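So this one's my_file-v1.pdb, PDB, C-alpha atoms:
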ATOM      1  CA  MET J 401     213.476  57.105  54.593  1.00  0.00           C
ATOM      2  CA  LYS J 402     212.065  55.428  51.488  1.00  0.00           C
ATOM      3  CA  ASP J 403     213.267  52.039  52.762  1.00  0.00           C
ATOM      4  CA  ARG J 404     211.502  52.563  56.086  1.00  0.00           C
ATOM      5  CA  ILE J 405     208.287  53.564  54.281  1.00  0.00           C
ATOM      6  CA  LYS J 406     208.606  50.370  52.214  1.00  0.00           C
ATOM      7  CA  GLN J 407     209.015  48.383  55.448  1.00  0.00           C
ATOM      8  CA  VAL J 408     205.786  49.884  56.811  1.00  0.00           C
ATOM      9  CA  MET J 409     204.004  48.992  53.567  1.00  0.00           C
ATOM     10  CA  GLU J 410     205.363  45.427  53.675  1.00  0.00           C
ATOM     11  CA  LEU J 411     204.516  45.038  57.373  1.00  0.00           C
ATOM     12  CA  GLN J 412     200.907  45.903  56.516  1.00  0.00           C
ATOM     13  CA  GLN J 413     201.065  43.470  53.568  1.00  0.00           C
ATOM     14  CA  MET J 414     199.789  46.143  51.201  1.00  0.00           C
ATOM     15  CA  SER J 415     200.557  46.674  47.540  1.00  0.00           C
ATOM     16  CA  GLN J 416     201.990  50.008  46.464  1.00  0.00           C
ATOM     17  CA  LYS J 417     198.595  50.950  45.020  1.00  0.00           C
ATOM     18  CA  ASP J 418     196.690  50.017  48.199  1.00  0.00           C
ATOM     19  CA  PHE J 419     199.226  51.754  50.440  1.00  0.00           C
ATOM     20  CA  ALA J 420     199.064  54.991  48.409  1.00  0.00           C
ATOM     21  CA  GLN J 421     195.272  54.887  48.358  1.00  0.00           C
ATOM     22  CA  TYR J 422     195.122  54.240  52.134  1.00  0.00           C
ATOM     23  CA  LEU J 423     197.411  57.242  52.784  1.00  0.00           C
ATOM     24  CA  GLY J 424     195.384  59.432  50.440  1.00  0.00           C
ATOM     25  CA  ILE J 425     198.223  60.082  47.978  1.00  0.00           C
ATOM     26  CA  SER J 426     198.675  59.161  44.347  1.00  0.00           C
ATOM     27  CA  GLN J 427     200.440  55.966  43.368  1.00  0.00           C
ATOM     28  CA  GLY J 428     202.786  58.094  41.228  1.00  0.00           C
ATOM     29  CA  THR J 429     203.840  60.118  44.272  1.00  0.00           C
ATOM     30  CA  LEU J 430     204.653  56.934  46.174  1.00  0.00           C
ATOM     31  CA  SER J 431     206.463  55.529  43.154  1.00  0.00           C
ATOM     32  CA  SER J 432     208.620  58.661  42.835  1.00  0.00           C
ATOM     33  CA  ILE J 433     209.565  58.362  46.527  1.00  0.00           C
ATOM     34  CA  PHE J 434     210.572  54.717  46.096  1.00  0.00           C
ATOM     35  CA  SER J 435     212.599  55.517  42.972  1.00  0.00           C
ATOM     36  CA  GLU J 436     214.218  58.446  44.836  1.00  0.00           C
ATOM     37  CA  ARG J 437     213.055  61.063  42.334  1.00  0.00           C
ATOM     38  CA  THR J 438     211.464  62.934  45.243  1.00  0.00           C
ATOM     39  CA  GLN J 439     211.680  62.915  49.024  1.00  0.00           C
ATOM     40  CA  PRO J 440     208.637  62.287  51.216  1.00  0.00           C
ATOM     41  CA  THR J 441     206.919  65.539  52.173  1.00  0.00           C
ATOM     42  CA  LEU J 442     205.734  66.392  55.676  1.00  0.00           C
ATOM     43  CA  PRO J 443     202.058  65.671  54.850  1.00  0.00           C
ATOM     44  CA  ILE J 444     203.019  62.179  53.642  1.00  0.00           C
ATOM     45  CA  VAL J 445     205.039  61.457  56.783  1.00  0.00           C
ATOM     46  CA  LEU J 446     202.186  62.751  58.950  1.00  0.00           C
ATOM     47  CA  ALA J 447     199.685  60.607  57.022  1.00  0.00           C
ATOM     48  CA  ILE J 448     201.806  57.492  57.663  1.00  0.00           C
ATOM     49  CA  LEU J 449     202.074  58.292  61.371  1.00  0.00           C
ATOM     50  CA  GLU J 450     198.336  59.001  61.596  1.00  0.00           C
ATOM     51  CA  LYS J 451     197.239  55.875  59.719  1.00  0.00           C
ATOM     52  CA  PHE J 452     199.755  53.636  61.517  1.00  0.00           C
ATOM     53  CA  PRO J 453     199.927  54.926  65.106  1.00  0.00           C
ATOM     54  CA  ASN J 454     202.089  51.990  66.204  1.00  0.00           C
ATOM     55  CA  ILE J 455     205.022  53.263  64.072  1.00  0.00           C
ATOM     56  CA  GLN J 456     207.729  55.142  65.988  1.00  0.00           C
ATOM     57  CA  THR J 457     208.170  58.712  64.742  1.00  0.00           C
ATOM     58  CA  ASN J 458     211.922  58.744  65.437  1.00  0.00           C
ATOM     59  CA  TRP J 459     212.367  55.458  63.574  1.00  0.00           C
ATOM     60  CA  LEU J 460     210.410  56.635  60.528  1.00  0.00           C
ATOM     61  CA  LEU J 461     212.240  59.968  60.289  1.00  0.00           C
ATOM     62  CA  ASN J 462     215.755  59.001  61.364  1.00  0.00           C
ATOM     63  CA  GLY J 463     215.966  55.207  61.474  1.00  0.00           C
ATOM     64  CA  ILE J 464     216.664  55.356  65.222  1.00  0.00           C
ATOM     65  CA  GLY J 465     215.056  52.969  67.699  1.00  0.00           C
ATOM     66  CA  ASN J 466     212.429  50.322  67.128  1.00  0.00           C
ATOM     67  CA  MET J 467     209.955  50.342  64.265  1.00  0.00           C
ATOM     68  CA  THR J 468     206.902  49.902  66.477  1.00  0.00           C
ATOM     69  CA  LYS J 469     205.907  51.479  69.767  1.00  0.00           C
ATOM     70  CA  THR J 470     205.497  50.016  73.202  1.00  0.00           C
ATOM     71  CA  ASP J 471     203.958  51.987  76.073  1.00  0.00           C
ATOM     72  CA  THR J 472     207.295  52.582  77.821  1.00  0.00           C
ATOM     73  CA  ALA J 473     209.316  53.284  74.691  1.00  0.00           C
ATOM     74  CA  GLU J 474     206.678  55.700  73.401  1.00  0.00           C
ATOM     75  CA  ARG J 475     206.867  57.847  76.539  1.00  0.00           C
ATOM     76  CA  GLN J 476     210.664  57.830  76.524  1.00  0.00           C
ATOM     77  CA  GLU J 477     211.196  58.654  72.844  1.00  0.00           C
ATOM     78  CA  ASN J 478     208.412  61.180  72.299  1.00  0.00           C
ATOM     79  CA  SER J 479     209.558  63.624  74.951  1.00  0.00           C
ATOM     80  CA  LEU J 480     212.992  65.155  74.912  1.00  0.00           C
ATOM     81  CA  PHE J 481     212.551  66.773  78.289  1.00  0.00           C
ATOM     82  CA  ASP J 482     211.018  64.000  80.413  1.00  0.00           C
ATOM     83  CA  PHE J 483     213.773  62.992  82.786  1.00  0.00           C
ATOM     84  CA  ASP J 484     213.675  60.640  85.703  1.00  0.00           C
ATOM     85  CA  GLU J 485     214.071  62.480  88.960  1.00  0.00           C
ATOM     86  CA  PRO J 486     217.654  62.140  90.199  1.00  0.00           C
ATOM     87  CA  LYS J 487     218.023  59.752  93.105  1.00  0.00           C
ATOM     88  CA  ILE J 488     219.613  61.595  95.978  1.00  0.00           C
ATOM     89  CA  GLU J 489     220.877  59.576  98.882  1.00  0.00           C
ATOM     90  CA  THR J 490     221.265  61.325 102.190  1.00  0.00           C
ATOM     91  CA  PRO J 491     223.316  59.910 105.021  1.00  0.00           C
ATOM     92  CA  GLU J 492     221.547  59.063 108.234  1.00  0.00           C
ATOM     93  CA  VAL J 493     221.976  61.669 110.953  1.00  0.00           C
ATOM     94  CA  SER J 494     221.640  60.802 114.599  1.00  0.00           C
ATOM     95  CA  THR J 495     219.176  62.985 116.479  1.00  0.00           C
ATOM     96  CA  ALA J 496     220.380  61.811 119.898  1.00  0.00           C
ATOM     97  CA  PRO J 497     221.591  64.672 122.079  1.00  0.00           C
ATOM     98  CA  ILE J 498     225.333  65.001 122.531  1.00  0.00           C
ATOM     99  CA  GLN J 499     226.426  65.635 126.091  1.00  0.00           C
ATOM    100  CA  ASN J 500     228.110  68.926 126.995  1.00  0.00           C
ATOM    101  CA  GLU J 501     226.991  70.688 123.811  1.00  0.00           C
ATOM    102  CA  THR J 502     227.290  74.443 123.721  1.00  0.00           C
ATOM    103  CA  PRO J 503     224.873  76.672 121.781  1.00  0.00           C
ATOM    104  CA  SER J 504     227.521  77.162 119.060  1.00  0.00           C
ATOM    105  CA  ASP J 505     227.871  73.358 118.739  1.00  0.00           C
ATOM    106  CA  ILE J 506     224.102  73.054 118.350  1.00  0.00           C
ATOM    107  CA  LYS J 507     224.099  75.792 115.680  1.00  0.00           C
ATOM    108  CA  GLN J 508     226.916  73.996 113.824  1.00  0.00           C
ATOM    109  CA  HIS J 509     224.978  70.703 113.915  1.00  0.00           C
ATOM    110  CA  GLU J 510     221.839  72.444 112.639  1.00  0.00           C
ATOM    111  CA  ASP J 511     223.824  73.915 109.704  1.00  0.00           C
ATOM    112  CA  ILE J 512     225.179  70.477 108.816  1.00  0.00           C
ATOM    113  CA  ILE J 513     221.731  68.883 109.028  1.00  0.00           C
ATOM    114  CA  THR J 514     220.236  71.654 106.877  1.00  0.00           C
ATOM    115  CA  LYS J 515     222.875  71.076 104.177  1.00  0.00           C
ATOM    116  CA  ILE J 516     222.305  67.319 104.263  1.00  0.00           C
ATOM    117  CA  GLU J 517     218.520  67.638 104.065  1.00  0.00           C
ATOM    118  CA  LYS J 518     218.616  70.047 101.107  1.00  0.00           C
ATOM    119  CA  PRO J 519     221.093  68.630  98.589  1.00  0.00           C
ATOM    120  CA  SER J 520     221.417  70.347  95.253  1.00  0.00           C
ATOM    121  CA  PRO J 521     219.686  68.438  92.439  1.00  0.00           C
ATOM    122  CA  THR J 522     221.696  66.875  89.655  1.00  0.00           C
ATOM    123  CA  VAL J 523     220.863  68.222  86.212  1.00  0.00           C
ATOM    124  CA  ILE J 524     221.204  65.882  83.244  1.00  0.00           C
ATOM    125  CA  VAL J 525     221.516  67.641  79.891  1.00  0.00           C
ATOM    126  CA  PRO J 526     220.687  65.515  76.842  1.00  0.00           C
ATOM    127  CA  THR J 527     223.166  65.502  74.002  1.00  0.00           C
ATOM    128  CA  VAL J 528     221.697  66.458  70.651  1.00  0.00           C
ATOM    129  CA  LYS J 529     223.260  65.327  67.408  1.00  0.00           C
ATOM    130  CA  LYS J 530     224.222  68.323  65.248  1.00  0.00           C
ATOM    131  CA  ARG J 531     222.068  68.478  62.149  1.00  0.00           C
ATOM    132  CA  GLU J 532     223.128  69.928  58.823  1.00  0.00           C
ATOM    133  CA  ILE J 533     220.984  71.320  56.034  1.00  0.00           C
ATOM    134  CA  LYS J 534     220.909  68.857  53.169  1.00  0.00           C
ATOM    135  CA  GLU J 535     218.609  70.706  50.794  1.00  0.00           C
ATOM    136  CA  ILE J 536     215.996  73.457  50.733  1.00  0.00           C
ATOM    137  CA  ARG J 537     212.919  73.283  48.512  1.00  0.00           C
ATOM    138  CA  ILE J 538     210.692  76.200  47.637  1.00  0.00           C
ATOM    139  CA  PHE J 539     207.269  75.314  46.244  1.00  0.00           C
ATOM    140  CA  PHE J 540     205.446  77.791  44.027  1.00  0.00           C
ATOM    141  CA  ASP J 541     201.691  78.146  43.595  1.00  0.00           C
ATOM    142  CA  ASP J 542     201.928  76.963  39.968  1.00  0.00           C
ATOM    143  CA  GLY J 543     203.006  73.490  41.149  1.00  0.00           C
ATOM    144  CA  THR J 544     206.715  73.951  40.389  1.00  0.00           C
ATOM    145  CA  TYR J 545     209.548  74.008  42.874  1.00  0.00           C
ATOM    146  CA  GLU J 546     213.255  74.804  43.132  1.00  0.00           C
ATOM    147  CA  THR J 547     215.826  72.853  45.093  1.00  0.00           C
ATOM    148  CA  PHE J 548     218.855  74.472  46.723  1.00  0.00           C
ATOM    149  CA  GLU J 549     221.761  72.482  48.139  1.00  0.00           C
ATOM    150  CA  PRO J 550     224.578  73.951  50.298  1.00  0.00           C
ATOM    151  CA  LYS J 551     228.020  73.876  48.719  1.00  0.00           C
TER     152      LYS J 551
END
Show me, as structure tokens, the structure contained in the file I just sent.
Amino acid sequence: MKDRIKQVMELQQMSQKDFAQYLGISQGTLSSIFSERTQPTLPIVLAILEKFPNIQTNWLLNGIGNMTKTDTAERQENSLFDFDEPKIETPEVSTAPIQNETPSDIKQHEDIITKIEKPSPTVIVPTVKKREIKEIRIFFDDGTYETFEPK
């Protein structure tokens, strides 16, 4: 993520000092992220997204998609559950009367028409990439923290 944060900083043509000041963080914090001593915290990521609303959230966090937003891409990437309605094609059914129809024939035709007019919708389930825990950090009120990594 540090490389993507650097890209945002370079896109804005800001120095490290100006970028840190604009985000409201210390230059040392930004420096430690760039040197990989620490990872960006949630408040830092949120500050970047707030100060630069044209940056794609998914790109900043995961490196997926485009760096900047467009109206269509923003709607598609920001909502996991917005799906296009499935297009259901129904065959044309003739409504012309058939000669010599019996009541049972009419009932059978009505059942067929009912099934054609009410097709079952198609459900599309998105695939979600399995995520794994990389590390857990616990921050204490005295400013220290501990890092735990799975074996």
Apply the PyMOL selection byres ((chain J and resi 406) around 12) to the structure shown and report the selected residues as a ChimeraX atom specification. /J:401-405,407-416,419-420,430-431,433-435,440,448,460
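Taking atom CA of J:Asn462 and atom CA of J:Arg437 as endpoints, the distance between them is 19.3 Å.
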Would you compute an axis-aligned box for stretch 542-548 of chain J, covering every atom listed for it in the file with 5 Å of margin on each side, and report centre and edge lengths in Å to one decimal as lines of an AutoDock Vina configuration file?
center_x = 210.4
center_y = 74.9
center_z = 43.3
size_x = 26.9
size_y = 14.1
size_z = 16.8
Using Å and a single decimal, report how far atom CA of J:Lys530 sits from atom CA of J:Thr457. 18.7 Å
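Atom to atom, atom CA of J:Thr441 and atom CA of J:Gly543 stand 14.1 Å apart.
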The PyMOL selection byres ((chain J and resi 456) around 9) - which residues does that actually catch in the file I just gave you? List them as a count of residues only. 18
I want to know what sits within 12 Å of J:Ile533, based on only C-alpha atoms, with residues of the same chain fewer than 6 positions away left out; could you give that as a PDB file with C-alpha atoms, in the frame of the given file?
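For reference, part_10.pdb as written:
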ATOM      1  CA  PHE J 548     218.855  74.472  46.723  1.00  0.00           C
ATOM      2  CA  GLU J 549     221.761  72.482  48.139  1.00  0.00           C
ATOM      3  CA  PRO J 550     224.578  73.951  50.298  1.00  0.00           C
ATOM      4  CA  LYS J 551     228.020  73.876  48.719  1.00  0.00           C
TER       5      LYS J 551
END
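Among J:Glu532, J:Ser432, J:Asp542, J:Gly424, the residue with the shortest atom-to-atom distance to J:Ala447, counting only C-alpha atoms, is J:Gly424.
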